[in-house]
file coords-v2.txt (compact mmCIF, N, CA and C atoms)
# COMPACT_ATOMS: atom_id res chain seq x y z
N MET I 196 32.57 101.83 113.93
CA MET I 196 33.27 100.89 114.76
C MET I 196 33.93 99.80 113.94
N GLN I 197 33.25 99.38 112.91
CA GLN I 197 33.76 98.32 112.07
C GLN I 197 34.98 98.81 111.29
N LYS I 198 34.99 100.07 110.88
CA LYS I 198 36.12 100.63 110.16
C LYS I 198 37.36 100.65 111.05
N GLN I 199 37.21 100.98 112.30
CA GLN I 199 38.34 101.02 113.21
C GLN I 199 38.93 99.62 113.42
N ALA I 200 38.10 98.60 113.46
CA ALA I 200 38.58 97.23 113.65
C ALA I 200 39.36 96.76 112.43
N ILE I 201 38.89 97.11 111.24
CA ILE I 201 39.59 96.73 110.00
C ILE I 201 40.92 97.49 109.91
N PHE I 202 40.88 98.78 110.24
CA PHE I 202 42.08 99.61 110.21
C PHE I 202 43.13 99.09 111.20
N ALA I 203 42.71 98.69 112.36
CA ALA I 203 43.61 98.17 113.39
C ALA I 203 44.21 96.84 112.95
N ALA I 204 43.43 95.99 112.27
CA ALA I 204 43.94 94.71 111.79
C ALA I 204 44.97 94.91 110.69
N ASP I 205 44.72 95.86 109.77
CA ASP I 205 45.67 96.15 108.70
C ASP I 205 46.96 96.74 109.28
N ARG I 206 46.83 97.55 110.29
CA ARG I 206 47.98 98.20 110.88
C ARG I 206 48.86 97.20 111.64
N ALA I 207 48.27 96.18 112.21
CA ALA I 207 49.03 95.18 112.93
C ALA I 207 49.88 94.33 111.99
N ASP I 208 49.39 94.10 110.77
CA ASP I 208 50.15 93.31 109.79
C ASP I 208 51.27 94.11 109.14
N PHE I 209 51.16 95.42 109.12
CA PHE I 209 52.13 96.27 108.45
C PHE I 209 53.31 96.57 109.37
N GLN I 210 54.53 96.28 108.88
CA GLN I 210 55.74 96.65 109.60
C GLN I 210 56.64 97.40 108.64
N PRO I 211 57.04 98.60 108.98
CA PRO I 211 57.97 99.32 108.12
C PRO I 211 59.30 98.57 108.02
N GLN I 212 60.03 98.80 106.93
CA GLN I 212 61.28 98.08 106.70
C GLN I 212 62.33 98.42 107.75
N GLY I 213 62.33 99.62 108.25
CA GLY I 213 63.32 100.03 109.22
C GLY I 213 63.13 99.36 110.58
N GLU I 214 61.95 98.83 110.87
CA GLU I 214 61.70 98.24 112.19
C GLU I 214 61.78 96.72 112.19
N LYS I 215 62.33 96.11 111.15
CA LYS I 215 62.45 94.66 111.14
C LYS I 215 63.48 94.25 112.18
N PRO I 216 63.25 93.13 112.82
CA PRO I 216 64.23 92.69 113.82
C PRO I 216 65.55 92.34 113.13
N GLN I 217 66.62 92.85 113.68
CA GLN I 217 67.94 92.61 113.11
C GLN I 217 68.55 91.36 113.72
N GLN I 218 69.17 90.57 112.87
CA GLN I 218 69.81 89.36 113.34
C GLN I 218 71.28 89.65 113.61
N ALA I 219 71.78 89.14 114.68
CA ALA I 219 73.18 89.34 115.02
C ALA I 219 74.04 88.50 114.07
N PRO I 220 75.16 89.05 113.58
CA PRO I 220 76.02 88.26 112.70
C PRO I 220 76.65 87.10 113.46
N ALA I 221 76.87 86.02 112.75
CA ALA I 221 77.46 84.84 113.38
C ALA I 221 78.89 85.15 113.79
N LYS I 222 79.23 84.78 115.01
CA LYS I 222 80.58 85.04 115.51
C LYS I 222 81.49 83.89 115.13
N LEU I 223 82.70 84.25 114.64
CA LEU I 223 83.69 83.26 114.31
C LEU I 223 84.63 83.08 115.49
N PRO I 224 85.18 81.91 115.67
CA PRO I 224 86.14 81.72 116.77
C PRO I 224 87.37 82.61 116.55
N ALA I 225 87.97 83.05 117.64
CA ALA I 225 89.09 83.98 117.57
C ALA I 225 90.31 83.37 116.88
N ASN I 226 90.59 82.12 117.14
CA ASN I 226 91.75 81.47 116.55
C ASN I 226 91.33 80.55 115.42
N SER I 227 90.74 81.13 114.41
CA SER I 227 90.27 80.36 113.27
C SER I 227 91.46 79.91 112.43
N LYS I 228 91.45 78.67 111.99
CA LYS I 228 92.54 78.15 111.18
C LYS I 228 92.56 78.83 109.82
N ALA I 229 91.41 79.20 109.29
CA ALA I 229 91.35 79.87 108.00
C ALA I 229 92.02 81.24 108.07
N ALA I 230 91.93 81.91 109.20
CA ALA I 230 92.56 83.21 109.34
C ALA I 230 94.07 83.08 109.45
N MET I 231 94.56 81.97 109.96
CA MET I 231 96.00 81.79 110.12
C MET I 231 96.67 81.29 108.84
N ASP I 232 95.95 80.68 107.94
CA ASP I 232 96.53 80.15 106.71
C ASP I 232 96.42 81.16 105.58
N VAL I 233 97.09 82.28 105.72
CA VAL I 233 97.07 83.31 104.70
C VAL I 233 98.26 83.07 103.77
N LYS I 234 97.99 83.01 102.50
CA LYS I 234 99.06 82.78 101.53
C LYS I 234 99.75 84.11 101.21
N PRO I 235 101.07 84.12 101.19
CA PRO I 235 101.77 85.36 100.84
C PRO I 235 101.58 85.69 99.36
N ILE I 236 101.50 86.95 99.07
CA ILE I 236 101.33 87.40 97.70
C ILE I 236 102.68 87.43 97.02
N LYS I 237 102.77 86.82 95.87
CA LYS I 237 104.02 86.79 95.13
C LYS I 237 104.19 88.12 94.40
N ALA I 238 105.35 88.71 94.55
CA ALA I 238 105.62 90.02 93.93
C ALA I 238 105.66 89.88 92.42
N ALA I 239 105.01 90.81 91.74
CA ALA I 239 105.00 90.80 90.28
C ALA I 239 106.33 91.30 89.74
N GLN I 240 107.03 92.09 90.52
CA GLN I 240 108.29 92.66 90.08
C GLN I 240 109.44 91.77 90.56
N THR I 241 110.28 91.33 89.64
CA THR I 241 111.40 90.46 90.01
C THR I 241 112.75 91.16 89.88
N VAL I 242 112.85 92.18 89.04
CA VAL I 242 114.10 92.92 88.87
C VAL I 242 113.84 94.41 88.99
N VAL I 243 114.90 95.13 89.40
CA VAL I 243 114.85 96.59 89.49
C VAL I 243 115.97 97.12 88.62
N VAL I 244 115.68 98.13 87.82
CA VAL I 244 116.66 98.70 86.92
C VAL I 244 117.45 99.79 87.65
N ALA I 245 118.80 99.69 87.57
CA ALA I 245 119.68 100.71 88.15
C ALA I 245 120.71 101.08 87.09
N ASN I 246 120.82 102.37 86.81
CA ASN I 246 121.80 102.84 85.84
C ASN I 246 123.06 103.28 86.55
N CYS I 247 124.21 102.96 85.97
CA CYS I 247 125.49 103.37 86.53
C CYS I 247 125.60 104.89 86.44
N PRO I 248 125.96 105.57 87.53
CA PRO I 248 126.05 107.04 87.48
C PRO I 248 127.26 107.54 86.71
N TYR I 249 128.22 106.67 86.42
CA TYR I 249 129.43 107.09 85.70
C TYR I 249 129.30 106.92 84.20
N CYS I 250 128.83 105.75 83.76
CA CYS I 250 128.75 105.50 82.31
C CYS I 250 127.32 105.29 81.82
N ASN I 251 126.35 105.34 82.71
CA ASN I 251 124.92 105.20 82.39
C ASN I 251 124.56 103.82 81.84
N HIS I 252 125.32 102.79 82.22
CA HIS I 252 125.02 101.42 81.81
C HIS I 252 123.85 100.88 82.64
N LYS I 253 122.93 100.21 81.98
CA LYS I 253 121.73 99.69 82.64
C LYS I 253 122.03 98.34 83.30
N HIS I 254 121.68 98.22 84.59
CA HIS I 254 121.85 96.98 85.33
C HIS I 254 120.48 96.50 85.79
N ASP I 255 120.18 95.23 85.58
CA ASP I 255 118.96 94.61 86.09
C ASP I 255 119.33 93.84 87.36
N LEU I 256 118.93 94.38 88.51
CA LEU I 256 119.29 93.79 89.80
C LEU I 256 118.10 93.00 90.34
N PRO I 257 118.35 91.81 90.91
CA PRO I 257 117.23 91.04 91.49
C PRO I 257 116.67 91.75 92.71
N ILE I 258 115.37 91.69 92.87
CA ILE I 258 114.70 92.43 93.95
C ILE I 258 115.07 91.89 95.33
N GLU I 259 115.43 90.62 95.42
CA GLU I 259 115.78 90.04 96.72
C GLU I 259 117.05 90.66 97.30
N LYS I 260 117.88 91.22 96.44
CA LYS I 260 119.17 91.74 96.90
C LYS I 260 119.02 92.94 97.83
N GLY I 261 118.08 93.83 97.55
CA GLY I 261 117.95 95.02 98.37
C GLY I 261 116.55 95.32 98.83
N LYS I 262 115.73 94.31 98.95
CA LYS I 262 114.32 94.51 99.31
C LYS I 262 114.15 95.05 100.73
N ASN I 263 115.14 94.85 101.61
CA ASN I 263 115.02 95.30 102.99
C ASN I 263 115.23 96.81 103.14
N GLY I 264 115.64 97.51 102.08
CA GLY I 264 115.79 98.96 102.12
C GLY I 264 117.18 99.44 102.46
N LYS I 265 118.09 98.53 102.77
CA LYS I 265 119.46 98.94 103.10
C LYS I 265 120.26 99.13 101.81
N PRO I 266 121.13 100.14 101.77
CA PRO I 266 121.95 100.33 100.56
C PRO I 266 123.03 99.26 100.44
N PHE I 267 123.40 98.98 99.20
CA PHE I 267 124.45 97.99 98.92
C PHE I 267 125.25 98.48 97.72
N PHE I 268 126.44 97.92 97.52
CA PHE I 268 127.31 98.34 96.42
C PHE I 268 127.21 97.36 95.26
N VAL I 269 127.28 97.92 94.05
CA VAL I 269 127.25 97.14 92.83
C VAL I 269 128.42 97.59 91.98
N ALA I 270 129.15 96.65 91.40
CA ALA I 270 130.24 96.98 90.49
C ALA I 270 129.70 97.02 89.07
N CYS I 271 129.99 98.08 88.36
CA CYS I 271 129.52 98.23 86.99
C CYS I 271 130.28 97.26 86.09
N ILE I 272 129.59 96.66 85.16
CA ILE I 272 130.20 95.70 84.24
C ILE I 272 131.02 96.43 83.19
N ARG I 273 130.56 97.58 82.75
CA ARG I 273 131.24 98.29 81.67
C ARG I 273 132.47 99.05 82.16
N CYS I 274 132.31 99.91 83.18
CA CYS I 274 133.43 100.75 83.61
C CYS I 274 134.13 100.23 84.87
N SER I 275 133.67 99.16 85.44
CA SER I 275 134.24 98.47 86.62
C SER I 275 134.41 99.37 87.84
N THR I 276 133.56 100.33 88.03
CA THR I 276 133.56 101.14 89.25
C THR I 276 132.36 100.74 90.09
N GLU I 277 132.48 100.93 91.40
CA GLU I 277 131.38 100.58 92.30
C GLU I 277 130.52 101.80 92.56
N PHE I 278 129.23 101.55 92.72
CA PHE I 278 128.29 102.60 93.09
C PHE I 278 127.27 102.02 94.05
N ALA I 279 126.70 102.89 94.86
CA ALA I 279 125.74 102.47 95.87
C ALA I 279 124.33 102.46 95.30
N VAL I 280 123.55 101.47 95.71
CA VAL I 280 122.16 101.34 95.25
C VAL I 280 121.29 101.05 96.46
N ARG I 281 120.11 101.67 96.47
CA ARG I 281 119.11 101.39 97.50
C ARG I 281 117.76 101.31 96.81
N PHE I 282 116.99 100.28 97.12
CA PHE I 282 115.66 100.12 96.54
C PHE I 282 114.65 100.89 97.37
N VAL I 283 113.78 101.65 96.70
CA VAL I 283 112.76 102.45 97.35
C VAL I 283 111.40 102.03 96.80
N PRO I 284 110.44 101.66 97.68
CA PRO I 284 109.11 101.28 97.18
C PRO I 284 108.26 102.50 96.84
N VAL I 285 108.04 102.73 95.55
CA VAL I 285 107.14 103.78 95.06
C VAL I 285 106.30 103.12 93.98
N THR I 286 105.08 102.78 94.29
CA THR I 286 104.18 102.00 93.42
C THR I 286 104.87 100.68 93.05
N MET I 287 106.03 100.78 92.40
CA MET I 287 106.92 99.64 92.17
C MET I 287 108.24 99.99 92.86
N TYR I 288 109.14 99.03 92.96
CA TYR I 288 110.43 99.35 93.54
C TYR I 288 111.26 100.12 92.51
N GLN I 289 111.89 101.19 92.96
CA GLN I 289 112.80 101.98 92.13
C GLN I 289 114.16 102.00 92.81
N ALA I 290 115.20 102.21 92.01
CA ALA I 290 116.55 102.23 92.55
C ALA I 290 117.05 103.64 92.68
N GLN I 291 117.58 103.98 93.85
CA GLN I 291 118.28 105.24 94.05
C GLN I 291 119.76 104.93 93.94
N VAL I 292 120.47 105.71 93.13
CA VAL I 292 121.88 105.43 92.85
C VAL I 292 122.71 106.59 93.38
N ALA I 293 123.88 106.28 93.97
CA ALA I 293 124.79 107.30 94.47
C ALA I 293 126.18 107.05 93.91
N ALA I 294 126.82 108.11 93.43
CA ALA I 294 128.17 108.02 92.90
C ALA I 294 129.15 108.61 93.90
N PHE I 295 130.33 108.04 93.98
CA PHE I 295 131.39 108.53 94.88
C PHE I 295 132.62 108.81 94.06
N ARG I 296 133.20 109.99 94.23
CA ARG I 296 134.44 110.34 93.52
C ARG I 296 135.47 110.77 94.51
call {"tool": "encode", "arguments": {"input": "coords-v2.txt", "output": "structure tokens"}}
result
Amino acid sequence: MQKQAIFAADRADFQPQGEKPQQAPAKLPANSKAAMDVKPIKAAQTVVVANCPYCNHKHDLPIEKGKNGKPFFVACIRCSTEFAVRFVPVTMYQAQVAAFR
């Protein structure tokens, strides 16, 4: 009888780790000011390289010029012909160039 009383007392003190009472995470207000003040990430890339399709001259174009994805025309400095350029995001921004004859 005494063994059962000791065993029952030991068993009452023992709680497996899986049965610990879980605490509910603290709820944050829906319109938290910290959530609204997100700083924009500054792009590491400032220029995109585009080669002229006629004379293969390298042009460094600012990323702001075509960041929206729409094509635009650039006049080559060396051969003075215009060609179309569109920036495409692939890991970094790359330029797609089109020649017209």
call {"tool": "closest_atom_pairs", "arguments": {"input": "coords-v2.txt", "of": "stretch 254-274 of chain I", "to": "stretch 247-250 of chain I", "cutoff": "8 Å", "atoms": "only C-alpha atoms", "output": "Markdown table"}}
result
| residue | atom | partner | partner_atom | distance |
| --- | --- | --- | --- | --- |
| I:His254 | CA | I:Cys247 | CA | 7.5 |
| I:Cys271 | CA | I:Cys247 | CA | 6.5 |
| I:Arg273 | CA | I:Cys250 | CA | 7.7 |
| I:Cys274 | CA | I:Cys250 | CA | 6.8 |
call {"tool": "closest_residue", "arguments": {"input": "coords-v2.txt", "among": "I:His252, I:Val285, I:Val244, I:Pro257", "to": "I:Ile272", "atoms": "all atoms listed in the file"}}
result
I:His252
call {"tool": "atom_distance", "arguments": {"input": "coords-v2.txt", "atom1": "atom C of I:Gln240", "atom2": "atom CA of I:Val292"}}
result
18.6 Å
call {"tool": "atom_distance", "arguments": {"input": "coords-v2.txt", "atom1": "atom CA of I:Gly261", "atom2": "atom N of I:Ala279"}}
result
12.3 Å
call {"tool": "residues_around", "arguments": {"input": "coords-v2.txt", "residues": "I:Tyr288", "least_positions_apart": "5", "cutoff": "6.5 Å", "atoms": "all atoms listed in the file", "output": "number ranges by chain"}}
result
I: 243, 282-283
call {"tool": "atom_distance", "arguments": {"input": "coords-v2.txt", "atom1": "atom CA of I:Ser275", "atom2": "atom CA of I:Asn263"}}
result
25.4 Å
call {"tool": "closest_residue", "arguments": {"input": "coords-v2.txt", "among": "I:Ala270, I:Phe295, I:Arg281, I:Val242", "to": "I:Ile258", "atoms": "all atoms listed in the file"}}
result
I:Val242
call {"tool": "residues_around", "arguments": {"input": "coords-v2.txt", "residues": "I:Lys260", "least_positions_apart": "4", "cutoff": "12 Å", "atoms": "only C-alpha atoms", "output": "ChimeraX atom specification"}}
result
/I:241-243,255-256,264-269,280-282,290
